[in-house]
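A.B. asks: The file below is work-v5.tsv, TSV, C-alpha atoms and all ligand atoms:
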```tsv
chain	number	residue	atom	x	y	z
A	254	MET	CA	100.23	124.05	128.40
A	255	ILE	CA	100.59	120.75	126.50
A	256	SER	CA	97.52	119.75	124.52
A	257	PRO	CA	95.88	116.53	125.78
A	258	LEU	CA	96.15	115.20	122.22
A	259	VAL	CA	99.94	115.51	122.26
A	260	GLU	CA	100.14	114.12	125.77
A	261	VAL	CA	98.11	110.99	124.94
A	262	ALA	CA	100.03	110.35	121.70
A	263	GLU	CA	103.38	110.81	123.47
A	264	LYS	CA	102.38	108.43	126.28
A	265	THR	CA	101.10	105.86	123.77
A	266	LEU	CA	104.33	106.03	121.75
A	267	LYS	CA	106.47	105.76	124.89
A	268	THR	CA	104.56	102.67	126.07
A	269	VAL	CA	104.82	101.02	122.66
A	270	LEU	CA	108.57	101.67	122.57
A	271	GLN	CA	109.19	100.44	126.11
A	272	THR	CA	106.93	97.40	126.29
A	273	LYS	CA	105.65	94.72	123.95
A	274	ILE	CA	102.00	95.69	124.17
A	275	SER	CA	99.89	96.63	121.16
A	276	LEU	CA	98.99	100.13	120.00
A	277	ASP	CA	95.36	99.71	121.14
A	278	LYS	CA	96.32	98.59	124.65
A	279	ALA	CA	98.95	101.34	124.98
A	280	PHE	CA	96.39	103.90	123.83
A	281	THR	CA	93.75	102.64	126.30
A	282	MET	CA	96.24	103.12	129.12
A	283	ALA	CA	97.34	106.56	127.90
A	284	ALA	CA	93.85	107.88	127.18
A	285	GLU	CA	92.20	107.09	130.51
A	286	GLY	CA	89.47	109.67	131.12
A	287	VAL	CA	89.55	111.04	127.53
A	288	LYS	CA	86.09	110.64	126.03
A	289	GLY	CA	84.00	111.19	122.89
A	290	ARG	CA	85.37	113.09	119.93
A	291	ALA	CA	88.61	114.01	121.74
A	292	ARG	CA	89.28	110.30	122.24
A	293	GLN	CA	88.71	109.51	118.56
A	294	GLU	CA	91.07	112.32	117.54
A	295	ALA	CA	93.70	111.24	120.08
A	296	TYR	CA	93.50	107.67	118.71
A	297	GLN	CA	94.02	108.80	115.13
A	298	VAL	CA	97.06	110.90	116.12
A	299	SER	CA	98.53	108.14	118.32
A	300	ARG	CA	98.10	105.63	115.50
A	301	GLY	CA	99.66	108.03	112.99
A	302	VAL	CA	102.65	108.70	115.22
A	303	VAL	CA	103.31	105.01	115.97
A	304	SER	CA	102.73	103.97	112.37
A	305	ASN	CA	105.14	106.63	111.03
A	306	PHE	CA	107.67	106.61	113.87
A	307	LEU	CA	110.79	105.57	111.92
A	308	ARG	CA	110.03	108.08	109.17
A	309	LEU	CA	109.30	110.88	111.67
A	310	ARG	CA	112.57	110.21	113.47
A	311	HIS	CA	114.54	110.25	110.23
A	312	CYS	CA	112.87	113.40	108.83
A	313	PHE	CA	113.22	115.31	112.10
A	314	GLU	CA	116.95	114.61	112.14
A	315	GLU	CA	117.29	115.60	108.46
A	316	LEU	CA	115.50	118.90	109.05
A	317	TYR	CA	116.90	119.97	112.43
A	318	GLY	CA	120.24	118.13	112.52
A	319	ARG	CA	119.53	116.40	115.85
A	320	LYS	CA	117.39	113.61	117.28
A	321	GLY	CA	113.84	114.60	118.21
A	322	ARG	CA	112.43	113.88	121.66
A	323	LEU	CA	109.18	111.90	121.68
A	324	ARG	CA	107.02	114.97	122.32
A	325	GLU	CA	108.79	116.83	119.53
A	326	LEU	CA	108.10	113.93	117.17
A	327	VAL	CA	104.39	114.05	118.01
A	328	GLU	CA	104.32	117.82	117.37
A	329	PHE	CA	106.31	117.28	114.16
A	330	TYR	CA	103.70	114.74	113.03
A	331	LEU	CA	100.87	117.19	113.73
A	332	SER	CA	102.69	119.99	111.87
A	333	GLY	CA	102.76	117.86	108.68
A	334	LYS	CA	106.32	119.13	107.93
A	335	TRP	CA	107.65	115.56	107.92
A	336	SER	CA	105.81	114.73	104.71
A	337	GLU	CA	107.76	117.47	102.89
A	338	VAL	CA	111.21	116.06	103.75
A	339	GLY	CA	112.77	114.17	100.80
A	340	LEU	CA	113.51	110.47	101.28
A	341	PRO	CA	116.41	108.46	99.84
A	342	THR	CA	115.72	106.33	96.77
A	343	GLY	CA	115.68	102.53	96.65
A	344	VAL	CA	115.00	100.09	99.45
A	345	GLU	CA	116.03	102.51	102.20
A	346	GLY	CA	113.56	105.11	100.93
A	347	LEU	CA	110.79	102.50	100.65
A	348	ALA	CA	111.45	101.33	104.21
A	349	LEU	CA	111.35	104.93	105.50
A	350	LYS	CA	108.24	105.84	103.49
A	351	TYR	CA	106.22	103.14	105.24
A	352	SER	CA	108.29	103.22	108.44
A	353	TYR	CA	109.74	99.71	108.55
A	354	PRO	CA	113.30	98.66	109.39
A	355	VAL	CA	115.49	98.43	106.26
A	356	TRP	CA	116.47	94.77	106.85
A	357	PHE	CA	112.81	93.74	106.72
A	358	VAL	CA	112.00	95.55	103.45
A	359	GLU	CA	115.28	94.38	101.92
A	360	GLU	CA	114.36	90.78	102.65
A	361	LEU	CA	110.87	91.12	101.15
A	362	VAL	CA	112.23	92.89	98.04
A	363	GLY	CA	114.60	89.94	97.55
A	364	LEU	CA	111.56	87.62	97.51
A	365	MET	CA	108.91	89.63	95.65
A	366	GLY	CA	110.59	92.52	93.89
A	367	PHE	CA	110.41	96.25	94.64
A	368	SER	CA	107.03	97.17	93.15
A	369	GLU	CA	105.11	94.29	94.70
A	370	VAL	CA	106.60	95.08	98.11
A	371	GLU	CA	105.50	98.70	97.68
A	372	GLU	CA	101.93	97.48	96.98
A	373	LEU	CA	102.11	95.20	100.00
A	374	LEU	CA	103.34	97.92	102.39
A	375	LYS	CA	100.76	100.36	101.04
A	376	ALA	CA	97.97	97.84	101.61
A	377	MET	CA	99.16	97.39	105.20
A	378	GLU	CA	98.50	101.08	105.91
A	379	GLU	CA	94.75	100.41	105.69
A	380	PRO	CA	93.27	98.20	108.42
A	381	LYS	CA	90.57	95.84	107.17
A	382	VAL	CA	87.84	94.69	109.53
A	383	TRP	CA	86.45	91.21	108.97
A	384	LEU	CA	83.68	89.53	110.94
A	385	ARG	CA	82.89	85.84	111.18
A	386	CYS	CA	79.12	85.51	111.30
A	387	VAL	CA	77.77	82.78	113.52
A	388	ASP	CA	74.16	83.43	112.54
A	389	ARG	CA	72.39	85.21	109.67
A	390	GLU	CA	70.87	87.57	112.21
A	391	ALA	CA	74.33	89.21	112.21
A	392	LEU	CA	73.71	90.69	108.75
A	393	ARG	CA	70.39	92.25	109.81
A	394	LEU	CA	72.05	93.77	112.88
A	395	LEU	CA	74.93	95.13	110.79
A	396	GLU	CA	72.38	96.88	108.55
A	397	GLU	CA	70.55	98.21	111.59
A	398	ASP	CA	73.87	99.68	112.79
A	399	GLY	CA	74.38	101.36	109.39
A	400	CYS	CA	77.34	99.23	108.28
A	401	VAL	CA	78.28	98.72	104.64
A	402	TYR	CA	79.64	95.19	104.20
A	403	ARG	CA	80.57	92.63	101.59
A	404	VAL	CA	79.88	88.93	102.08
A	405	ASP	CA	83.00	86.98	101.12
A	406	HIS	CA	82.81	84.94	97.90
A	407	ASP	CA	84.88	82.04	99.27
A	408	LEU	CA	83.78	81.76	102.89
A	409	ASP	CA	80.14	82.78	103.01
A	410	TYR	CA	80.22	83.19	106.78
A	411	MET	CA	82.84	85.96	106.54
A	412	VAL	CA	82.02	89.63	105.88
A	413	LEU	CA	84.36	92.51	105.16
A	414	LEU	CA	83.15	95.74	106.73
A	415	GLU	CA	83.60	98.53	104.19
A	416	GLU	CA	82.01	101.27	106.30
A	417	LEU	CA	81.36	101.03	110.00
A	418	PRO	CA	79.89	103.83	112.10
A	419	LYS	CA	81.52	102.69	115.36
A	420	PRO	CA	84.39	100.45	116.52
A	421	PRO	CA	83.68	96.77	115.68
A	422	HIS	CA	83.39	95.61	119.31
A	423	ARG	CA	80.53	98.11	119.79
A	424	LEU	CA	78.44	96.78	116.89
A	425	LYS	CA	75.23	95.05	118.02
A	426	ALA	CA	76.04	91.88	116.04
A	427	VAL	CA	79.34	91.55	117.90
A	428	LYS	CA	78.05	92.52	121.34
A	429	LEU	CA	75.23	89.94	121.08
A	430	GLY	CA	77.59	87.19	119.88
A	431	TYR	CA	76.10	86.82	116.38
A	432	ALA	CA	79.46	87.81	114.87
A	433	ILE	CA	83.07	87.59	116.00
A	434	VAL	CA	85.83	89.98	114.98
A	435	GLN	CA	88.18	87.64	113.11
A	436	ASP	CA	90.38	88.23	110.09
A	437	LYS	CA	89.68	86.12	107.00
A	438	GLY	CA	93.29	84.88	107.15
A	439	SER	CA	92.65	83.55	110.63
A	440	ALA	CA	89.47	81.81	109.42
A	441	LEU	CA	91.47	80.21	106.59
A	442	VAL	CA	93.87	78.73	109.17
A	443	VAL	CA	90.88	76.97	110.72
A	444	GLU	CA	89.70	75.87	107.26
A	445	ALA	CA	93.07	74.12	106.81
A	446	LEU	CA	92.23	71.76	109.68
A	447	GLU	CA	90.43	68.49	109.07
A	448	GLY	CA	88.57	68.87	112.34
A	449	LEU	CA	89.55	65.55	113.94
A	450	SER	CA	89.03	64.92	117.66
A	451	PRO	CA	90.68	65.43	120.01
A	452	LEU	CA	92.34	68.44	118.43
A	453	LEU	CA	95.29	69.98	120.25
A	454	ASP	CA	95.31	73.77	119.90
A	455	ALA	CA	98.88	74.21	121.12
A	456	CYS	CA	99.03	78.04	121.22
A	457	ALA	CA	95.38	78.75	121.74
A	458	ALA	CA	94.93	82.04	123.57
A	459	PRO	CA	93.07	84.37	123.33
A	460	GLY	CA	90.93	81.76	121.62
A	461	VAL	CA	89.73	83.31	118.37
A	462	LYS	CA	90.62	80.17	116.40
A	463	THR	CA	89.59	77.80	119.22
A	464	LEU	CA	86.10	79.25	119.08
A	465	ALA	CA	86.03	78.98	115.29
A	466	ILE	CA	87.16	75.33	115.50
A	467	LEU	CA	84.37	74.57	117.96
A	468	GLN	CA	81.75	76.36	115.87
A	469	LEU	CA	82.87	75.38	112.35
A	470	LYS	CA	84.47	71.98	112.80
A	471	GLY	CA	82.74	70.67	115.91
A	472	SER	CA	85.95	69.02	117.14
A	473	ARG	CA	86.68	68.30	120.76
A	474	VAL	CA	89.54	70.70	121.60
A	475	ILE	CA	92.39	70.70	124.10
A	476	ALA	CA	93.32	74.39	124.27
A	477	VAL	CA	96.83	74.97	125.63
A	478	ASP	CA	98.67	78.24	126.15
A	479	LYS	CA	101.57	79.44	128.25
A	480	SER	CA	99.93	82.73	129.22
A	481	TRP	CA	97.44	82.60	132.05
A	482	ASN	CA	96.22	86.14	131.34
A	483	ARG	CA	95.47	85.36	127.70
A	484	LEU	CA	93.81	82.06	128.68
A	485	LYS	CA	91.35	84.02	130.85
A	486	THR	CA	90.06	85.66	127.66
A	487	LEU	CA	89.86	82.25	125.99
A	488	VAL	CA	87.81	80.83	128.85
A	489	ARG	CA	85.32	83.70	128.48
A	490	MET	CA	85.18	83.22	124.72
A	491	VAL	CA	84.45	79.50	124.73
A	492	LYS	CA	82.17	79.41	127.80
A	493	LEU	CA	79.19	78.17	125.76
A	494	TYR	CA	81.23	75.15	124.64
A	495	ALA	CA	82.65	74.22	128.07
A	496	ASP	CA	81.76	70.53	127.56
A	497	LYS	CA	83.78	70.34	124.31
A	498	VAL	CA	86.98	72.05	125.37
A	499	ASP	CA	89.67	71.39	127.97
A	500	VAL	CA	91.76	74.42	128.83
A	501	VAL	CA	95.33	73.83	130.02
A	502	ARG	CA	97.99	76.33	131.00
A	503	ALA	CA	101.26	74.78	129.90
A	504	ASP	CA	104.35	75.15	127.76
A	505	SER	CA	103.60	73.40	124.47
A	506	THR	CA	107.29	72.75	123.81
A	507	TYR	CA	106.77	70.04	126.49
A	508	SER	CA	103.23	69.06	125.67
A	509	PRO	CA	100.91	68.26	128.57
A	510	VAL	CA	98.98	66.02	126.15
A	511	ARG	CA	100.08	62.47	125.32
A	512	TRP	CA	98.16	62.06	122.11
A	513	ALA	CA	95.87	64.04	119.80
A	514	ALA	CA	94.36	63.16	116.42
A	515	GLU	CA	95.31	66.53	114.98
A	516	ALA	CA	97.09	69.68	116.17
A	517	LEU	CA	97.13	73.35	115.36
A	518	VAL	CA	100.32	75.30	116.05
A	519	ASP	CA	99.32	78.94	115.64
A	520	ALA	CA	102.77	79.94	116.73
A	521	PRO	CA	103.93	83.14	118.44
A	522	CYS	CA	105.71	85.20	115.78
A	523	SER	CA	106.92	88.63	114.69
A	524	GLY	CA	103.34	89.48	113.64
A	525	SER	CA	104.78	91.18	110.56
A	526	GLY	CA	101.61	90.38	108.60
A	527	THR	CA	99.44	92.29	111.06
A	528	ALA	CA	100.93	95.80	110.90
A	529	ALA	CA	97.68	97.17	109.44
A	530	ARG	CA	95.78	96.18	112.57
A	531	ASP	CA	98.61	96.98	114.99
A	532	PRO	CA	101.35	99.31	113.66
A	533	SER	CA	103.40	98.83	116.85
A	534	VAL	CA	104.63	95.69	115.04
A	535	LYS	CA	106.74	97.97	112.81
A	536	LEU	CA	108.71	99.20	115.82
A	537	ARG	CA	109.22	95.73	117.26
A	538	LEU	CA	110.60	94.48	113.94
A	539	ALA	CA	113.57	96.78	114.54
A	540	ARG	CA	114.88	94.08	116.88
A	541	LYS	CA	115.84	91.35	114.43
A	542	SER	CA	117.11	89.21	117.32
A	543	LYS	CA	113.49	88.88	118.50
A	544	VAL	CA	112.61	87.20	115.19
A	545	GLU	CA	115.47	84.76	115.77
A	546	TYR	CA	114.02	84.01	119.21
A	547	TYR	CA	110.61	83.24	117.65
A	548	VAL	CA	112.19	81.02	114.99
A	549	LYS	CA	113.77	78.79	117.67
A	550	LEU	CA	110.49	78.62	119.60
A	551	GLN	CA	108.46	77.86	116.44
A	552	LYS	CA	110.75	74.92	115.58
A	553	ARG	CA	110.36	73.45	119.06
A	554	LEU	CA	106.57	73.93	119.11
A	555	LEU	CA	106.17	72.27	115.71
A	556	LYS	CA	108.46	69.36	116.61
A	557	GLU	CA	106.51	68.67	119.80
A	558	ALA	CA	103.12	68.92	118.07
A	559	LEU	CA	104.30	66.43	115.41
A	560	ARG	CA	105.36	64.05	118.17
A	561	VAL	CA	101.98	64.24	119.89
A	562	ALA	CA	99.64	64.37	116.88
A	563	GLY	CA	100.16	62.75	113.51
A	564	GLN	CA	98.78	65.68	111.58
A	565	VAL	CA	99.65	69.31	112.23
A	566	VAL	CA	98.58	72.61	110.77
A	567	TYR	CA	101.33	75.17	111.33
A	568	ALA	CA	100.46	78.86	110.95
A	569	VAL	CA	102.01	82.25	111.64
A	570	CYS	CA	100.80	85.79	110.89
A	571	SER	CA	104.23	86.67	109.53
A	572	LEU	CA	105.50	87.64	106.08
A	573	LEU	CA	108.99	86.37	106.81
A	574	PRO	CA	110.07	83.03	105.27
A	575	SER	CA	112.28	82.37	108.29
A	576	GLU	CA	109.06	81.91	110.31
A	577	GLY	CA	107.20	80.07	107.53
A	578	GLU	CA	108.78	78.19	104.63
A	579	GLU	CA	112.11	77.67	106.46
A	580	ILE	CA	110.39	76.26	109.57
A	581	VAL	CA	108.36	73.63	107.71
A	582	GLU	CA	111.26	72.69	105.43
A	583	ALA	CA	113.45	72.07	108.48
A	584	ALA	CA	110.80	69.88	110.16
A	585	ASP	CA	111.20	66.12	110.14
A	586	ALA	CA	107.80	65.61	108.50
A	587	GLU	CA	106.05	65.24	105.18
A	588	LEU	CA	104.30	68.28	103.76
A	589	CYS	CA	100.73	67.78	102.56
A	590	LYS	CA	99.49	69.83	99.64
A	591	LEU	CA	97.05	72.42	100.95
A	592	GLU	CA	94.01	73.47	98.94
A	593	LEU	CA	92.54	76.71	100.25
A	594	PRO	CA	90.64	79.50	98.47
A	595	SER	CA	91.94	83.11	98.38
A	596	THR	CA	95.56	82.19	98.96
A	597	THR	CA	98.78	82.09	96.97
A	598	SER	CA	101.67	79.63	97.09
A	599	GLY	CA	104.62	80.13	99.38
A	600	TYR	CA	107.61	82.20	98.21
A	601	LYS	CA	108.81	80.64	94.95
A	602	GLN	CA	112.44	80.52	96.15
A	603	PHE	CA	111.52	77.60	98.43
A	604	LYS	CA	111.03	73.93	97.48
A	605	CYS	CA	107.88	73.73	99.59
A	606	SER	CA	106.23	76.68	97.82
A	607	THR	CA	103.53	74.71	95.98
A	608	TYR	CA	102.60	72.76	99.12
A	609	VAL	CA	102.09	75.68	101.48
A	610	LYS	CA	99.90	78.77	101.38
A	611	ARG	CA	100.40	82.48	101.92
A	612	ILE	CA	97.71	85.06	102.40
A	613	MET	CA	98.91	88.50	101.37
A	614	PRO	CA	97.38	91.83	102.48
A	615	HIS	CA	97.66	93.43	98.99
A	616	LEU	CA	96.14	90.43	97.21
A	617	HIS	CA	93.54	89.17	99.65
A	618	SER	CA	92.49	92.24	101.68
A	619	CYS	CA	93.37	90.57	104.94
A	620	GLN	CA	96.30	90.07	107.29
A	621	GLY	CA	99.43	88.29	106.12
A	622	PHE	CA	99.50	84.59	107.07
A	623	PHE	CA	101.54	81.49	106.31
A	624	ILE	CA	99.77	78.12	106.53
A	625	ALA	CA	101.14	74.61	106.09
A	626	ARG	CA	99.89	71.11	106.81
A	627	LEU	CA	102.36	68.45	107.90
A	628	GLN	CA	102.22	64.73	108.54
A	629	ALA	CA	104.61	63.09	111.00
A	630	GLN	CA	106.88	60.52	109.31
B	1	LIG	C1	99.57	83.88	117.68
B	1	LIG	S1	99.12	83.76	119.33
B	1	LIG	C2	97.80	82.59	119.25
B	1	LIG	C3	96.49	83.16	118.82
B	1	LIG	C4	95.33	82.20	119.00
B	1	LIG	N1	95.55	80.92	118.35
B	1	LIG	C5	94.03	82.78	118.51
B	1	LIG	O1	93.62	82.51	117.38
B	1	LIG	O2	93.41	83.55	119.27
B	1	LIG	C6	100.40	82.81	120.02
B	1	LIG	C7	100.14	82.32	121.43
B	1	LIG	O3	101.21	81.44	121.78
B	1	LIG	C8	101.37	81.50	123.18
B	1	LIG	N2	102.67	80.89	123.50
B	1	LIG	C9	103.91	81.42	123.41
B	1	LIG	N3	104.83	80.51	123.76
B	1	LIG	C10	104.16	79.37	124.10
B	1	LIG	C11	104.55	78.08	124.55
B	1	LIG	N4	105.84	77.77	124.73
B	1	LIG	N5	103.58	77.17	124.81
B	1	LIG	C12	102.28	77.47	124.65
B	1	LIG	N6	101.85	78.68	124.22
B	1	LIG	C13	102.79	79.61	123.94
B	1	LIG	C14	101.24	82.98	123.47
B	1	LIG	O4	100.90	83.17	124.84
B	1	LIG	C15	100.12	83.38	122.51
B	1	LIG	O5	98.89	83.36	123.17
```
Go through the file and emit its structure as structure tokens.
Ligand SMILES: C[S@@+](CC[C@H](N)C(=O)[O-])C[C@H]1O[C@@H](n2cnc3c(N)ncnc32)[C@H](O)[C@@H]1O
C.D. replies:
Amino acid sequence: MISPLVEVAEKTLKTVLQTKISLDKAFTMAAEGVKGRARQEAYQVSRGVVSNFLRLRHCFEELYGRKGRLRELVEFYLSGKWSEVGLPTGVEGLALKYSYPVWFVEELVGLMGFSEVEELLKAMEEPKVWLRCVDREALRLLEEDGCVYRVDHDLDYMVLLEELPKPPHRLKAVKLGYAIVQDKGSALVVEALEGLSPLLDACAAPGVKTLAILQLKGSRVIAVDKSWNRLKTLVRMVKLYADKVDVVRADSTYSPVRWAAEALVDAPCSGSGTAARDPSVKLRLARKSKVEYYVKLQKRLLKEALRVAGQVVYAVCSLLPSEGEEIVEAADAELCKLELPSTTSGYKQFKCSTYVKRIMPHLHSCQGFFIARLQAQ
């Protein structure tokens, strides 16, 4: 009989490989009916298998001289034998160690050097949970729930959870709306906005930043997204601010809005800066052509936002310069110098590097982001 643990992990891995949904969603589908401690264990194994997939596949083949089936890879992971198989040296070994495609690690090594990339990939093995506190009551409730947290020194409304006794969405502060699960990098994107009105949020769903804009900046927002399903979540999120936000389902490469004072393009991207939160990203990076698809879309979204609004903040949760520095350098716009705490400059190989900002998981304990501010010419 197959253990339920193996079955859930195999189903999760299969779903991640066959669709574009996240590890958490794939696990929820695979683990229907699995409860309590068994569920926690199944999650840890599913996460481990997805996060180490490329390495498991390589080591299985090295050891047994053939490709492993998905179930065999799950059992191989549980046996621990994979960690004893030697890895090649250099970039290929580094890519396998952390289970990323070689092209991706090669590109980062070219920008940052081998040892910094190793630190970066290591940091992305550890998910960090940040909360944006809407009210001080959040801190009291976090203590009541037995959380250990650190209030951020730059953004005093952000807290990093260092120990949490239950998943973040089950914490009282979150359930009662006193805190929102939001990465510090995502909050910094909102900080980059001036907060003019009306503000076009061109890729708004599921609305984490829209809500932060409404709460922190007080702007009137036009929230646009192509995905109706994701907009449904946004509508739930911003329901208390219904009079300050218009929600539109549309393609922002042909903006439904004639004019806005400011725009945010939080563009769809490879998500390569978010592998700590969702390791399924590592598997999707294997398809480099998908990154090229995003690059084309990002250019069109930025161009249209610049046409509609004079000022645009462009952001992606990607570590790749093709989705960051190269996009803003190719835009027909002037770059404004961004001042933001807890960030570094863009990759030094690019002319725009001192104007734009990067948030790096190994330096800032949050997801990887690229942020730039542009002014239409
Ligand atoms: C990075 S996510 C945005 C996250 C969101 N800003 C937040 O903070 O919750 C990118 C979004 O772009 C949307 N999208 C993709 N292509 C689009 C297009 N052509 N027009 C408008 N939205 C698009 C996706 O549906 C997705 O919701």
A.B. asks: Please indicate the distance in Å from atom CA of A:Asp398 to atom CA of A:Lys419, rounded to one decimal place.
C.D. replies: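 Here the two named atoms are 8.6 Å from each other.
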A.B. asks: Using only C-alpha atoms and all ligand atoms, pick whichever of A:Ala284, A:Ile612, A:Ala376, A:Val548 has the shortest atom-to-atom distance to ligand LIG 1 (chain B).
C.D. replies: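 Counting only C-alpha atoms and all ligand atoms, the residue closest to ligand LIG 1 (chain B) is A:Val548.
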A.B. asks: Would you kindly identify which residues have an atom no farther than 9 Å from (93.3, 67.0, 120.1), using all atoms listed in the file and the file's own coordinates, and write them out as a list in words?
C.D. replies: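 Those within range, by chain then number, are Leu449, Ser450, Pro451, Leu452, Leu453, Asp454, Ser472, Arg473, Val474, Ile475, Ala476, Val510, Trp512, Ala513, Ala514, Glu515, Ala516, Leu517 and Ala562 of chain A.
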A.B. asks: Quick one: of A:Gly577, A:Pro521, A:Gly621, A:Gly343, who's nearest to ligand LIG 1 (chain B), counting all atoms listed in the file?
C.D. replies: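 Result for the nearest residue to ligand LIG 1 (chain B): A:Pro521.
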A.B. asks: Which neighbours of stretch 391-394 of chain A fall inside 6 Å, counting all atoms listed in the file, when residues of the same chain fewer than 6 positions from it are skipped, and could you give them as a PDB file with C-alpha atoms, keeping the file's coordinate frame?
C.D. replies:
```pdb
ATOM      1  CA  ALA A 426      76.040  91.880 116.040  1.00  0.00           C
ATOM      2  CA  TYR A 431      76.100  86.820 116.380  1.00  0.00           C
ATOM      3  CA  ALA A 432      79.460  87.810 114.870  1.00  0.00           C
TER       4      ALA A 432
END
```
A.B. asks: Mind checking which residues fall within 10 Å of A:Pro257, counting all atoms listed in the file, ignoring those fewer than 5 positions away in the same chain, and posting them as number ranges by chain?
C.D. replies: A: 262-263, 284, 287, 291-292, 295
A.B. asks: Please identify every polymer residue within 7 Å of ligand LIG 1 (chain B), using all atoms listed in the file, and present the set as a ChimeraX atom specification.
C.D. replies: /A:439,455-463,477-480,483,503-506,519-522,550,554,569
A.B. asks: Select, from A:Val412, A:Leu361, A:Val261, A:Val370, the residue with the minimum atom-to-atom distance to A:His615, counting all atoms listed in the file.
C.D. replies: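 Going through A:Val412, A:Leu361, A:Val261, A:Val370 one by one, the smallest distance to A:His615 is for A:Val370.
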A.B. asks: Could you check which of A:Leu408, A:Leu446, A:Leu270, A:Leu349 is closest to A:Glu371, using all atoms listed in the file?
C.D. replies: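 Checking each candidate against A:Glu371, we get A:Leu349 as the closest.
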A.B. asks: Which residues are near A:Met377? Cut-off 8 Å, all atoms listed in the file, ignore same chain within fewer than 6 positions. Put them as a compact mmCIF listing (two decimals) with C-alpha atoms, in the coordinates of the input.
C.D. replies:
```txt
# COMPACT_ATOMS: atom_id res chain seq x y z
CA THR A 527 99.44 92.29 111.06
CA ALA A 528 100.93 95.80 110.90
CA ALA A 529 97.68 97.17 109.44
CA PRO A 614 97.38 91.83 102.48
CA HIS A 615 97.66 93.43 98.99
```
A.B. asks: Name the closest residue to A:Ser575 among the candidates A:Leu384, A:Val544, A:Met613, A:Ala495; distances are taken between atoms, counting all atoms listed in the file.
C.D. replies: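 Among A:Leu384, A:Val544, A:Met613, A:Ala495, it is A:Val544 that comes nearest to A:Ser575.
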A.B. asks: Tell me, as number ranges by chain, which residues lie within 9 Å of A:Asp585, counting only C-alpha atoms; anything in the same chain fewer than 6 positions away does not count.
C.D. replies: A: 556, 559, 629-630
A.B. asks: Expressed in Å to a single decimal, how great is the separation between atom CA of A:Val387 and atom CA of A:Met411?
C.D. replies: 9.2 Å
A.B. asks: Which residues come within 12 Å of A:Leu616, counting all atoms listed in the file, excluding same-chain residues fewer than 4 positions away, as a PDB file with C-alpha atoms, keeping the file's coordinate frame?
C.D. replies:
```
ATOM      1  CA  GLU A 369     105.110  94.290  94.700  1.00  0.00           C
ATOM      2  CA  VAL A 370     106.600  95.080  98.110  1.00  0.00           C
ATOM      3  CA  GLU A 372     101.930  97.480  96.980  1.00  0.00           C
ATOM      4  CA  LEU A 373     102.110  95.200 100.000  1.00  0.00           C
ATOM      5  CA  LEU A 374     103.340  97.920 102.390  1.00  0.00           C
ATOM      6  CA  LYS A 375     100.760 100.360 101.040  1.00  0.00           C
ATOM      7  CA  ALA A 376      97.970  97.840 101.610  1.00  0.00           C
ATOM      8  CA  MET A 377      99.160  97.390 105.200  1.00  0.00           C
ATOM      9  CA  GLY A 438      93.290  84.880 107.150  1.00  0.00           C
ATOM     10  CA  SER A 595      91.940  83.110  98.380  1.00  0.00           C
ATOM     11  CA  THR A 596      95.560  82.190  98.960  1.00  0.00           C
ATOM     12  CA  THR A 597      98.780  82.090  96.970  1.00  0.00           C
ATOM     13  CA  ARG A 611     100.400  82.480 101.920  1.00  0.00           C
ATOM     14  CA  ILE A 612      97.710  85.060 102.400  1.00  0.00           C
ATOM     15  CA  GLN A 620      96.300  90.070 107.290  1.00  0.00           C
ATOM     16  CA  GLY A 621      99.430  88.290 106.120  1.00  0.00           C
ATOM     17  CA  PHE A 622      99.500  84.590 107.070  1.00  0.00           C
TER      18      PHE A 622
END
```
